[in-house]
Amino acid sequence: MKQLLLPTLCVLFLQFFVLSLYAQSSTDWQEVLRDWMTVEDVDEAYGEETMELLEDLADTKLNINQVTREQLEQLPFLSAQQVEDIMLYLHRYGVMRTLSELQMIPSIDRDTRLLLACFVEAGPQQERTSHLNLETVRKYGKQTLMLTAKVPAYQRHGDRNGYVGYPYRHTLRYQFAYSDRVKFGLTGAQDAGEPFFANCNRLGYDHYSYYFQLRKMGRFEELNLGMYRVQMGMGLVMNMGFSLGKLMTLQSLGRSSHTLTAHSSRSEDSYLQGAAATVRLSPHWKASAFASFRPCDATLNDDGSVRTLLTTAYHRTPTEIAKRHNTHAADFGTRFSYQVPMRNAMAFINANLVYTRFDRPLHPQKQAVYKQYAQEGNNFLNASIDYSYTNSRLSFSGETALNADAALAALHVLSFRLSEQWSLMALHRYYDKRYTALRAHSFSEGSSVQNEHGVYLGATWTPLRAFLLQAYADYVHFPWPRYLVSAPSDAFDFLARARVLYNRWSVEGRYRFHLRQRDNAEHTLLQNRPEHRARLRATLLPMTTLTLATQADAVTVTSHGERSQGLMLSEQVVWKLRRLQFAANVAWFHTDDYDSRLYQYERSVLHEYSMPMYYGHGIRYALMARADIGHFMTIVKIGTTNYFDRAVISTGLQQIDASSVTDFLFQLRYRF
């Protein structure tokens, strides 16, 4: 009872504190977007890149009266129909005087309007020109210098003996940006335990991201030099873009897109290095090409071939440093796009080609049956055709791809808006067990675009402005054995989400049932592994200076005939007053084991994606303060996780001989 009393008192205190602070404020895009996220499906690297993209877009709002289709497609919460409806409205009625006119577009619901207001504004039309005046760029361009540091208040075993660097993580960023047309910068990133101005990092940081981007330069729509990311079609041959989970698919996947984006994040994976450009050949034809040569980390076999490509990018120990940049990859690609001229609709067809070559052959160990069709060799070729058709009610898009062995991967999405209240989506994908694509990342139940055949059905119902119901069901068959599964298997995923608005409150309930098949303990037959997750959340709408969210999460998992359960109660508060902002979070959790772990999105400093995972018994506190004074912005965050059921945290070099951990995050930004 004493362990439960403390989190309960913290929740009551936070509610009393914030309810005493009531005034006007603007919408917070992080709070709205969080409701659409299924955090347990989001890879941390993709989550960080998505947050960074959205922060940049929110910082330099687009003028909706001069926005392009490609710019709107950068926003992950817009569907293909919503993008087309906005473009059609602007074509028919001209300039939007205020963003309130978005209510005139039936497909734009309340949540979408709130989010759009964070990224676009209704400004006057200005004369478009492909000429860049250097004096104008210099005068109106914004320069940003940012330093971020994470300081632990504990010591790992590796900090005492094992890691060759300091226990601090820090990042230094410089960026120059002129609207969305010119951007260049440099990012230096250092993980805790890595050497700084020493050992293998004689030039300081362990990783540098450098980039230069130009847009709307005559026939050159995009030009990227340095490090960049590429997204083609629906991701079957190339995708280094965003990913926010299956629920977001109801919003964003029903479209086929192509983007070149500067890689400005601290991530050492999912980027290319070289040059990329998109050229408009005619009003209906565009061509894109890219070339890249970059180092990779790998575990090598005795003969010097690559056993495993590494994506963690940690260089803290002599063993990890020995694997640093020991392999190199060259990537080349091209894309030809044709826009079909149509009235009151939009149609595209695109051809894509990606070639990758490694200076060392990939020879993964294939003793395990599930690795039988892993990528092997020096050269990899993938080609695809993607296509889409969108009008005010229907959207169809798809991509069909082949690799060098003629193995097939295909993904098709059909969405239809029956009325202002009903919209439906159907998705079918088939990924051959022999299909491999090193740069692919698309909708899947597994971890790669391979060995999967599934059907996804989704629906959104809004009978009233104050009520929303969303649901999806996804059935998948895996024709070949997978990790921990020694035979063909199946999976089923169902999620339902309901939200009701009442006065200044939003109440949301969410239930997810996820069934996977796994080997039994004797590896003689398959067993079902059902997982039930439920969430109840009450939020004070961000029409005030505060955002208050009370949330309860529960999970039940049955594995090998044994049931494990977990419960988490949390309170999140954000309070804004002019140039000051405070965020507080407290979460009490109690789970039986790792299988019944729980996740929660937590607000953090800029350009960081925080998604703590909780298991065992404990409590999490986090407090963050932000001040914007003149050209300076400062953020300080303190986070503590206190476990009641252990005296040692983690294992190996990461082991901490304590029952609690506390981290300090500092961020300083100077804009001029």
# chains A, B, ... in the order shown; residues from 1 in each chain; ligands from 1

call {"tool": "residues_around", "arguments": {"residues": "A:Ala291", "least_positions_apart": "2", "cutoff": "6 Å", "atoms": "only C-alpha atoms", "output": "compact mmCIF listing (two decimals) with N, CA and C atoms, in the first residue's frame"}}
result
# COMPACT_ATOMS: atom_id res chain seq x y z
N GLY A 274 26.35 11.56 -50.52
CA GLY A 274 26.77 11.85 -51.88
C GLY A 274 25.93 12.97 -52.46
N ALA A 275 25.20 12.68 -53.54
CA ALA A 275 24.39 13.70 -54.20
C ALA A 275 23.08 13.10 -54.68
N ASP A 331 25.62 3.15 -53.35
CA ASP A 331 24.22 3.07 -53.76
C ASP A 331 23.97 4.01 -54.92
N PHE A 332 23.22 3.52 -55.91
CA PHE A 332 22.83 4.33 -57.04
C PHE A 332 21.34 4.07 -57.29

call {"tool": "closest_atom_pairs", "arguments": {"of": "stretch 600-653 of chain A", "to": "stretch 143-164 of chain A", "cutoff": "12 Å", "atoms": "only C-alpha atoms", "output": "CSV"}}
result
residue,atom,partner,partner_atom,distance
A:Ser604,CA,A:Thr148,CA,11.4
A:Val605,CA,A:Thr148,CA,8.3
A:Leu606,CA,A:Thr148,CA,8.9
A:His607,CA,A:Thr148,CA,9.6
A:Glu608,CA,A:Thr148,CA,9.9
A:His631,CA,A:Thr144,CA,9.6
A:Phe632,CA,A:Leu145,CA,9.7
A:Met633,CA,A:Met146,CA,9.1
A:Thr634,CA,A:Met146,CA,9.7
A:Ile635,CA,A:Thr148,CA,9.1
A:Val636,CA,A:Thr148,CA,9.9
A:Lys637,CA,A:Lys150,CA,9.3
A:Ile638,CA,A:Val151,CA,9.8
A:Gly639,CA,A:Pro152,CA,9.8
A:Thr640,CA,A:Ala153,CA,9.6
A:Thr641,CA,A:Ala153,CA,11.7
A:Val648,CA,A:Arg156,CA,10.6
A:Ile649,CA,A:Arg156,CA,9.4
A:Ser650,CA,A:Arg156,CA,9.3
A:Thr651,CA,A:His157,CA,8.8
A:Gly652,CA,A:His157,CA,7.3
A:Leu653,CA,A:Gly158,CA,4.3

call {"tool": "write_last_selection", "arguments": {"atoms": "C-alpha atoms", "output": "PDB file, in the first residue's frame"}}
result
ATOM      1  CA  SER A 604      11.767  15.562 -24.359  1.00  0.00           C
ATOM      2  CA  VAL A 605      14.168  18.165 -25.738  1.00  0.00           C
ATOM      3  CA  LEU A 606      14.053  19.195 -29.406  1.00  0.00           C
ATOM      4  CA  HIS A 607      15.094  16.606 -32.003  1.00  0.00           C
ATOM      5  CA  GLU A 608      14.780  13.743 -29.512  1.00  0.00           C
ATOM      6  CA  HIS A 631      17.477  34.760 -29.418  1.00  0.00           C
ATOM      7  CA  PHE A 632      18.078  32.066 -26.810  1.00  0.00           C
ATOM      8  CA  MET A 633      16.102  28.962 -25.928  1.00  0.00           C
ATOM      9  CA  THR A 634      17.022  26.773 -22.952  1.00  0.00           C
ATOM     10  CA  ILE A 635      15.585  23.407 -21.945  1.00  0.00           C
ATOM     11  CA  VAL A 636      16.401  21.445 -18.794  1.00  0.00           C
ATOM     12  CA  LYS A 637      14.957  17.990 -18.132  1.00  0.00           C
ATOM     13  CA  ILE A 638      15.395  15.730 -15.108  1.00  0.00           C
ATOM     14  CA  GLY A 639      14.175  12.143 -15.244  1.00  0.00           C
ATOM     15  CA  THR A 640      14.300   9.452 -12.560  1.00  0.00           C
ATOM     16  CA  THR A 641      13.219   5.821 -12.716  1.00  0.00           C
ATOM     17  CA  VAL A 648      20.795  -3.914  -9.801  1.00  0.00           C
ATOM     18  CA  ILE A 649      19.723  -2.472 -13.159  1.00  0.00           C
ATOM     19  CA  SER A 650      20.731  -3.997 -16.518  1.00  0.00           C
ATOM     20  CA  THR A 651      23.655  -6.380 -17.090  1.00  0.00           C
ATOM     21  CA  GLY A 652      27.188  -6.482 -18.468  1.00  0.00           C
ATOM     22  CA  LEU A 653      28.957  -3.173 -19.066  1.00  0.00           C
TER      23      LEU A 653
END

call {"tool": "residues_around", "arguments": {"residues": "stretch 431-443 of chain A", "least_positions_apart": "6", "cutoff": "6 Å", "atoms": "only C-alpha atoms", "output": "PDB file with N, CA and C atoms, in the first residue's frame"}}
result
ATOM      1  N   GLY A 235       7.873   2.335 -50.402  1.00  0.00           N
ATOM      2  CA  GLY A 235       8.969   1.842 -49.579  1.00  0.00           C
ATOM      3  C   GLY A 235       9.448   0.441 -49.866  1.00  0.00           C
ATOM      4  N   LEU A 236       9.052  -0.173 -50.980  1.00  0.00           N
ATOM      5  CA  LEU A 236       9.446  -1.556 -51.242  1.00  0.00           C
ATOM      6  C   LEU A 236      10.873  -1.682 -51.754  1.00  0.00           C
ATOM      7  N   VAL A 237      11.437  -0.607 -52.324  1.00  0.00           N
ATOM      8  CA  VAL A 237      12.828  -0.648 -52.763  1.00  0.00           C
ATOM      9  C   VAL A 237      13.681   0.378 -52.020  1.00  0.00           C
ATOM     10  N   MET A 238      13.059   1.473 -51.542  1.00  0.00           N
ATOM     11  CA  MET A 238      13.824   2.515 -50.862  1.00  0.00           C
ATOM     12  C   MET A 238      12.905   3.338 -49.982  1.00  0.00           C
ATOM     13  N   ASN A 239      13.211   3.379 -48.682  1.00  0.00           N
ATOM     14  CA  ASN A 239      12.464   4.235 -47.768  1.00  0.00           C
ATOM     15  C   ASN A 239      13.306   4.502 -46.531  1.00  0.00           C
ATOM     16  N   TYR A 373      17.082 -17.322 -46.428  1.00  0.00           N
ATOM     17  CA  TYR A 373      16.934 -16.380 -47.539  1.00  0.00           C
ATOM     18  C   TYR A 373      17.434 -14.976 -47.182  1.00  0.00           C
ATOM     19  N   ALA A 407      12.252 -12.253 -57.514  1.00  0.00           N
ATOM     20  CA  ALA A 407      11.294 -12.449 -56.421  1.00  0.00           C
ATOM     21  C   ALA A 407      10.426 -11.194 -56.312  1.00  0.00           C
ATOM     22  N   LEU A 408       9.158 -11.386 -55.969  1.00  0.00           N
ATOM     23  CA  LEU A 408       8.158 -10.324 -56.046  1.00  0.00           C
ATOM     24  C   LEU A 408       7.801  -9.784 -54.669  1.00  0.00           C
ATOM     25  N   ALA A 409       7.587  -8.472 -54.629  1.00  0.00           N
ATOM     26  CA  ALA A 409       6.979  -7.817 -53.471  1.00  0.00           C
ATOM     27  C   ALA A 409       5.943  -6.843 -54.010  1.00  0.00           C
ATOM     28  N   GLN A 450       9.803  -8.881 -46.376  1.00  0.00           N
ATOM     29  CA  GLN A 450      10.163 -10.238 -46.794  1.00  0.00           C
ATOM     30  C   GLN A 450       9.289 -11.244 -46.068  1.00  0.00           C
ATOM     31  N   ASN A 451       8.944 -12.332 -46.771  1.00  0.00           N
ATOM     32  CA  ASN A 451       8.285 -13.485 -46.140  1.00  0.00           C
ATOM     33  C   ASN A 451       6.999 -13.083 -45.425  1.00  0.00           C
ATOM     34  N   GLU A 452       6.066 -12.465 -46.157  1.00  0.00           N
ATOM     35  CA  GLU A 452       4.845 -12.007 -45.513  1.00  0.00           C
ATOM     36  C   GLU A 452       3.722 -11.877 -46.546  1.00  0.00           C
TER      37      GLU A 452
END
